[in-house]
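Q: Right, I'll just put the structure down here and ask away after.
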Amino acid sequence: MSKTRQVIRFEVVRSLKKPSFWLAAILVPILLGFYIFIAAISGYNAEEALEAGVDTSNMSLGVYDEAEYLAIKTVINKKEQEQTLKEYKNKEIGIKDVQDGKLDVFYYLPKDFKNTHTVEVYVKPDSASIFDDYANPIRSLLSATALSEVSEVNIAIITGAVKYQTTTYDAQDNHKVDMAEAVSNLIIPAIGLALFYILIIVLGNRLTAAMVEEKENRISELLLTSIKPINLIVGKIISLMILGIIQLSVLIIPLVIGYLVAKQYDAIPFGITIDFNPILITEYLALLLASYFLFTSLCVVIGTVTSSAKDANSFMSVIIILTILPIFFISTFASHDVQPFTYFLTYFPPSAPLAIMLRGVFNTLPTWELLLGFADILIFGFLFSRLATYIFCRNAIASGTKVDFKKILGSPRKTWKN
Amino acid sequence: MNQSANNIIEVKKFGISFGGKIVIKNLSFSVKKGETFGLLGSNGCGKTTTIRTLLGLYQPDSGELLIDGKKFDPNGKIKIGYLPEERGLYKKENVIDTMVYFGRLKGLKQPREWSMNYLKRVGLEDFAKTKVEKLSQGMQQKVQLGITVMNEPDLLILDEPTKGFDPVNRRLLMEIIEELHQKGSTIILITHYMDEVEKLCDHILLLKNGVARASGTINEVRNKFHRSSLDQIFIDIYGEEEGVHHE
């Protein structure tokens, strides 16, 4: 045990000393956060721009209502000012004014508008604005005219102002579901899912590199006369677990502090209140750690099978794809009717962690399945770590050669009995 | 006191093959405590395989290989120093951290002090905090040598130790071997340099195609082959398979 402790100490300390560890630990979450922020802002702005159309506050607007449909000819522009449209009695004059630069936008409602539902819009913008939407003023005039002829309740229905009060009963025990609480309960699994995703992205390659290093640098022989492979592998796995926990702390602590500060200043977005249910947090923290253990064991197997970081990386890509497989089938997970394929992903070792967390997010994971999944992850984590030791005993000094599974698994040779 | 009690290494009817190819066949030999033993042979004759099997890196197909009467155990009582043929270090780590790590694994009480003293002795004290990859090949060899002998091993196994060594490091190695020999360490030397063998070894074993061709003291081997030089004996034995004919 003392030698295992020395391996842990060496591996943890040297990783923590490296700026690259901290850079990856801090930079990846920041970049992910930045990406989400930019995506959210862009989405919001695009939506806003789509709704708003071009700003016509400083433009001159004219209209010829040959259909005699419009009841109102004044709009509220973006500067919250009333803007009255100049009335024309002739379509050609309006178009000519636009062409001569006397008028910025001219709207023409033809006589048969009520049948064709078409308004003609004439503009002469500079070339950069040719794709802008100039129809907003007339659109609001048409809406206002239409609404003026409709009853209040119909206006509410048409404009979506009707409120819907939903009462939801729990599928299992029929109790009334508190939706605010339900949303909060989904946040813990969602955070767990995000943290696990970040962990595998940040630490995946580091895990295999740590195992390949001795072989690549031809240290194994020197090392294995001082320590048993089992002690070395266990030391490596524990140190990688510790590094993962440090990485998690780097992610979780700012999240918790941010939440507490935002809560104090009543600045939590969408009014979300996280229900700090200690049982739920403990469940998902344990699941997160077990998932990371499974992922670490898988990476260690890859590290023991391969002889160089280059070889290991190609295998790692496969492991990462299998691990994040549930993300590609997110719509299947969103369904309350759990499909056989969903069950397969829930218990297939590489994809199990994300599948279980996703089902937690979509509330399709009963407690017994959470426990079964947790056991599945732990058992396979343990089996993979044993497999890693088994392979390491056969392949520890195979530096600089390609992977030979037949040689590794078929060989009766064994270094130490573990 | 029986003879085997004086032996630190006993190899009995050892056989091993890889992929159907026999590498070592029915090999037996012993090494007495405190002697310097030369394991000789051409490339691929099974010297490194024998050492790796002795150190548990391979499992024998037949026979047994014992160190102080037991199978090798890294946690055993016998302190072992091993300088493998394929040797390297953690390139991204600094010299002192690497040495301290190995020192702790070898059970040294004060690995840092020992390492600093050694680095002073070999003129590397200013490089203690330097990353291994920044050192020259010769400097790295000094560090590897330090790691090998830092636990004052009872059994020192050197697999082609001077391969790639510059003359300065070669002399340092000879000094260290001599010191450890004086202190009673047993030394196993695998080398192609017959001058080193004649200078250092008490007993030798010549392997060819995994079979022992000659063993005994240097004089016994010389007498057996009626030759005064080990070099000549080496050529006689291994020249046969290369098709070299001598008068």
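Chain lettering (A, B, ...) mirrors the order of the structure tokens, residue numbering begins at 1 for each chain separately, and ligand numbering begins at 1 in order of display.
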Could you pull the residues within 12 Å of Ile321 in chain A, counting only C-alpha atoms, minus those fewer than 6 positions along the same chain, as JSON, numbers by chain?
A: {"A": [197, 200, 201, 204, 314, 315, 327, 328, 350, 351, 354]}
Q: Report as an MDAnalysis selection string the set of chain B residues whose atoms approach chain A to within 6 Å, with distances computed over only C-alpha atoms.
A: chainID B and resid 56:59 74 87:89 105:106
Q: One number please: CA of Tyr343 in chain A to CA of Val300 in chain A, in Å, one decimal.
A: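 So the answer is 26.3 Å.
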Q: Out of B:Lys131, B:Ile147, B:Met116, B:Lys199, which residue has the shortest atom-to-atom distance to Met99 in chain B when counting only C-alpha atoms?
A: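 Using only C-alpha atoms, the shortest distance to Met99 in chain B belongs to B:Ile147.
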Q: Could you go through range 41-81 of chain B and tell me which residues DSSP, when run on the backbone, assigns to strand (DSSP E or B), listing them as a list in words?
A: Gly41, Ser62, Gly63, Glu64, Leu65, Leu66, Ile67, Lys70, Ile80 and Gly81 of chain B
Q: Enter the distance from CA of Val318 in chain A to CA of Val301 in chain A, in Å, rounded to one decimal.
A: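 Straight-line distance from CA of Val318 in chain A to CA of Val301 in chain A works out to 13.1 Å.
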Q: DSSP says alpha helix (DSSP H) for which residues of range 30-184 of chain B? Put them as a PyMOL selection string?
A: chain B and resi 47-54+95-105+111-121+137-149+167-182
Q: Which residue, A:Arg206, A:Asn313, A:Glu87, A:Val54, has the smallest gap to Phe131 in chain A when you use only C-alpha atoms?
A: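 Checking each of A:Arg206, A:Asn313, A:Glu87, A:Val54 against Phe131 in chain A, counting only C-alpha atoms, the winner is A:Val54.
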Q: With a distance cut-off of 12 Å and only C-alpha atoms, select the neighbouring residues of range 124-129 of chain B, excluding the residue or stretch itself and same-chain residues fewer than 5 positions from it, and output the selection as a compact mmCIF listing (two decimals) with C-alpha atoms, in the first residue's frame.
A:
# COMPACT_ATOMS: atom_id res chain seq x y z
CA LYS B 92 8.89 15.87 -18.64
CA GLU B 93 9.88 15.59 -14.97
CA ASN B 94 12.88 17.17 -13.35
CA VAL B 95 15.86 15.11 -12.27
CA ILE B 96 15.44 15.33 -8.51
CA ASP B 97 11.71 14.54 -8.53
CA THR B 98 12.34 11.50 -10.71
CA MET B 99 15.12 10.23 -8.46
CA VAL B 100 13.10 10.87 -5.28
CA ARG B 112 16.26 13.48 -1.55
CA GLU B 113 19.50 13.62 0.44
CA TRP B 114 20.86 10.52 -1.26
CA SER B 115 19.95 11.85 -4.70
CA MET B 116 21.54 15.27 -4.07
CA ASN B 117 24.75 13.61 -2.85
CA TYR B 118 24.84 11.40 -5.91
CA LEU B 119 24.20 14.32 -8.26
CA LYS B 134 16.81 18.92 -21.39
CA LEU B 135 19.74 16.73 -20.33
CA SER B 136 22.26 15.29 -22.74
CA GLY B 138 25.33 11.14 -21.12
CA MET B 139 23.69 13.07 -18.27
CA GLN B 140 20.56 10.93 -18.53
CA GLN B 141 22.73 7.83 -18.29
CA LYS B 142 24.19 9.13 -15.02
CA VAL B 143 20.69 9.64 -13.64
CA GLY B 146 21.95 6.59 -9.87
Q: When you look at Ser185 in chain B with a cut-off of 9 Å (counting only C-alpha atoms), what residues show up, excluding the ones that are within fewer than 4 positions of it in the same chain? I need them as a list in words.
A: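 Final neighbour list, sorted by chain and number: Lys33, Gly34, Glu35, Thr36, Glu152, Pro153, Asp154, Leu155, Leu156, Ile177, Glu179, Leu180 and His181 of chain B.
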Q: Print the selection's residues with N, CA and C atoms to a file, as an mmCIF file, in the first residue's frame.
A:
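See selection-v7.cif below for the written result:
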data_model
loop_
_atom_site.group_PDB
_atom_site.id
_atom_site.type_symbol
_atom_site.label_atom_id
_atom_site.label_comp_id
_atom_site.auth_asym_id
_atom_site.auth_seq_id
_atom_site.Cartn_x
_atom_site.Cartn_y
_atom_site.Cartn_z
ATOM 1 N N LYS B 33 26.612 -15.650 -3.891
ATOM 2 C CA LYS B 33 26.510 -14.331 -3.243
ATOM 3 C C LYS B 33 27.868 -13.639 -3.306
ATOM 4 N N GLY B 34 27.851 -12.380 -3.683
ATOM 5 C CA GLY B 34 29.072 -11.578 -3.654
ATOM 6 C C GLY B 34 29.933 -11.682 -4.883
ATOM 7 N N GLU B 35 29.595 -12.549 -5.826
ATOM 8 C CA GLU B 35 30.456 -12.650 -7.014
ATOM 9 C C GLU B 35 29.953 -11.759 -8.144
ATOM 10 N N THR B 36 30.824 -11.545 -9.113
ATOM 11 C CA THR B 36 30.425 -10.820 -10.316
ATOM 12 C C THR B 36 30.325 -11.845 -11.438
ATOM 13 N N GLU B 152 21.535 0.727 -2.720
ATOM 14 C CA GLU B 152 22.690 -0.132 -2.413
ATOM 15 C C GLU B 152 22.290 -1.599 -2.535
ATOM 16 N N PRO B 153 22.015 -2.023 -3.766
ATOM 17 C CA PRO B 153 21.396 -3.345 -3.970
ATOM 18 C C PRO B 153 22.265 -4.521 -3.534
ATOM 19 N N ASP B 154 21.580 -5.553 -3.046
ATOM 20 C CA ASP B 154 22.274 -6.812 -2.757
ATOM 21 C C ASP B 154 22.597 -7.505 -4.074
ATOM 22 N N LEU B 155 21.696 -7.305 -5.041
ATOM 23 C CA LEU B 155 21.878 -7.910 -6.357
ATOM 24 C C LEU B 155 21.744 -6.815 -7.411
ATOM 25 N N LEU B 156 22.831 -6.609 -8.156
ATOM 26 C CA LEU B 156 22.826 -5.576 -9.192
ATOM 27 C C LEU B 156 22.888 -6.262 -10.555
ATOM 28 N N ILE B 177 30.486 -0.192 -9.843
ATOM 29 C CA ILE B 177 30.459 -1.662 -9.769
ATOM 30 C C ILE B 177 31.501 -2.132 -8.756
ATOM 31 N N GLU B 179 32.795 -0.463 -6.259
ATOM 32 C CA GLU B 179 32.388 -0.092 -4.877
ATOM 33 C C GLU B 179 31.378 -1.086 -4.319
ATOM 34 N N LEU B 180 30.355 -1.361 -5.155
ATOM 35 C CA LEU B 180 29.295 -2.267 -4.682
ATOM 36 C C LEU B 180 29.833 -3.686 -4.477
ATOM 37 N N HIS B 181 30.750 -4.074 -5.337
ATOM 38 C CA HIS B 181 31.368 -5.394 -5.196
ATOM 39 C C HIS B 181 32.133 -5.474 -3.870
#
Q: Which residues of range 149-217 of chain B sit at most 10 Å from range 6-29 of chain B, using only C-alpha atoms? Give each one's shortest atom pair and distance in Å (one decimal place), in chain and ascending residue order, as a Markdown table.
A:
| residue | atom | partner | partner_atom | distance |
| --- | --- | --- | --- | --- |
| B:Asp154 | CA | B:Ile8 | CA | 9.2 |
| B:Leu155 | CA | B:Ile8 | CA | 8.1 |
| B:Thr186 | CA | B:Ile8 | CA | 7.8 |
| B:Ile188 | CA | B:Ile9 | CA | 10.0 |
| B:Leu205 | CA | B:Phe29 | CA | 8.2 |
| B:Leu207 | CA | B:Ile24 | CA | 9.1 |
| B:Lys208 | CA | B:Ile24 | CA | 9.2 |
| B:Asn209 | CA | B:Val23 | CA | 6.8 |
| B:Gly210 | CA | B:Ile24 | CA | 3.9 |
| B:Val211 | CA | B:Lys25 | CA | 5.8 |
| B:Ala212 | CA | B:Leu27 | CA | 6.5 |
| B:Ser215 | CA | B:Phe29 | CA | 8.5 |
| B:Gly216 | CA | B:Phe29 | CA | 9.9 |
Q: Would you save the residues from that selection as a PDB file, in the first residue's frame, using N, CA and C atoms?
A:
ATOM      1  N   ASP B 154      21.580  -5.553  -3.046  1.00  0.00           N
ATOM      2  CA  ASP B 154      22.274  -6.812  -2.757  1.00  0.00           C
ATOM      3  C   ASP B 154      22.597  -7.505  -4.074  1.00  0.00           C
ATOM      4  N   LEU B 155      21.696  -7.305  -5.041  1.00  0.00           N
ATOM      5  CA  LEU B 155      21.878  -7.910  -6.357  1.00  0.00           C
ATOM      6  C   LEU B 155      21.744  -6.815  -7.411  1.00  0.00           C
ATOM      7  N   THR B 186      26.169  -8.707  -5.129  1.00  0.00           N
ATOM      8  CA  THR B 186      26.348  -9.647  -6.234  1.00  0.00           C
ATOM      9  C   THR B 186      26.038  -8.888  -7.519  1.00  0.00           C
ATOM     10  N   ILE B 188      25.439  -9.060 -11.729  1.00  0.00           N
ATOM     11  CA  ILE B 188      25.285  -9.824 -12.973  1.00  0.00           C
ATOM     12  C   ILE B 188      25.474  -8.844 -14.122  1.00  0.00           C
ATOM     13  N   LEU B 205      28.980 -17.215 -18.074  1.00  0.00           N
ATOM     14  CA  LEU B 205      28.149 -18.224 -18.743  1.00  0.00           C
ATOM     15  C   LEU B 205      27.966 -17.762 -20.185  1.00  0.00           C
ATOM     16  N   LEU B 207      25.994 -18.177 -23.615  1.00  0.00           N
ATOM     17  CA  LEU B 207      24.774 -18.750 -24.188  1.00  0.00           C
ATOM     18  C   LEU B 207      24.840 -18.710 -25.713  1.00  0.00           C
ATOM     19  N   LYS B 208      24.316 -19.747 -26.317  1.00  0.00           N
ATOM     20  CA  LYS B 208      24.163 -19.700 -27.778  1.00  0.00           C
ATOM     21  C   LYS B 208      22.842 -20.377 -28.131  1.00  0.00           C
ATOM     22  N   ASN B 209      21.988 -19.659 -28.826  1.00  0.00           N
ATOM     23  CA  ASN B 209      20.654 -20.163 -29.199  1.00  0.00           C
ATOM     24  C   ASN B 209      19.894 -20.730 -28.001  1.00  0.00           C
ATOM     25  N   GLY B 210      20.032 -20.057 -26.881  1.00  0.00           N
ATOM     26  CA  GLY B 210      19.286 -20.459 -25.690  1.00  0.00           C
ATOM     27  C   GLY B 210      19.847 -21.644 -24.948  1.00  0.00           C
ATOM     28  N   VAL B 211      21.028 -22.062 -25.320  1.00  0.00           N
ATOM     29  CA  VAL B 211      21.648 -23.211 -24.649  1.00  0.00           C
ATOM     30  C   VAL B 211      23.001 -22.769 -24.099  1.00  0.00           C
ATOM     31  N   ALA B 212      23.356 -23.257 -22.889  1.00  0.00           N
ATOM     32  CA  ALA B 212      24.647 -22.896 -22.296  1.00  0.00           C
ATOM     33  C   ALA B 212      25.760 -23.609 -23.057  1.00  0.00           C
ATOM     34  N   SER B 215      30.584 -22.522 -19.189  1.00  0.00           N
ATOM     35  CA  SER B 215      30.418 -21.791 -17.928  1.00  0.00           C
ATOM     36  C   SER B 215      31.576 -22.134 -16.993  1.00  0.00           C
ATOM     37  N   GLY B 216      31.801 -21.254 -16.041  1.00  0.00           N
ATOM     38  CA  GLY B 216      32.875 -21.461 -15.076  1.00  0.00           C
ATOM     39  C   GLY B 216      33.628 -20.172 -14.856  1.00  0.00           C
TER      40      GLY B 216
END
Q: When you look at range 281-286 of chain A with a cut-off of 7 Å (counting only C-alpha atoms), what residues show up, excluding the ones that are within fewer than 5 positions of it in the same chain? I need them as an MDAnalysis selection string.
A: chainID A and resid 188:189 192
Q: Write out the residues from the selection above, keeping N, CA and C atoms, as a CSV table (one decimal), in the first residue's frame.
A:
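This is the output file out.csv:
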chain,number,residue,atom,x,y,z
A,188,ILE,N,-30.3,19.1,-11.1
A,188,ILE,CA,-29.2,18.3,-10.5
A,188,ILE,C,-28.7,17.3,-11.5
A,189,PRO,N,-29.6,16.4,-12.1
A,189,PRO,CA,-29.0,15.5,-13.1
A,189,PRO,C,-28.4,16.3,-14.3
A,192,GLY,N,-25.0,17.3,-13.4
A,192,GLY,CA,-24.2,16.1,-13.3
A,192,GLY,C,-23.8,15.7,-14.8
Q: Just the number, please: distance in Å from CA of Ser239 in chain A to CA of Val12 in chain A, one decimal.
A: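 According to the coordinates, CA of Ser239 in chain A and CA of Val12 in chain A are separated by 5.6 Å.
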Q: Would you pick out the contacts of range 119-124 of chain A at 8 Å or less, using only C-alpha atoms, so that residues sharing its chain but fewer than 3 positions from it are not included, and give the list as a list in words?
A: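 Listed by chain and then number, they are Ile95, Val98, Gln99, Gly101, Asp104, Val105, Phe106, Tyr107, Tyr108, Leu109, Pro110, Phe113, Tyr134 and Ala135 of chain A.
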Q: Report as a list in words all protein, DNA and RNA residues lying within 10 Å of Gly164 in chain B, evaluated on only C-alpha atoms, omitting residues in the same chain fewer than 3 positions from it.
A: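 Returned residues: Gln137, Gly138, Gln141, Glu160, Pro161, Pro167, Asn169 and Arg170 of chain B.
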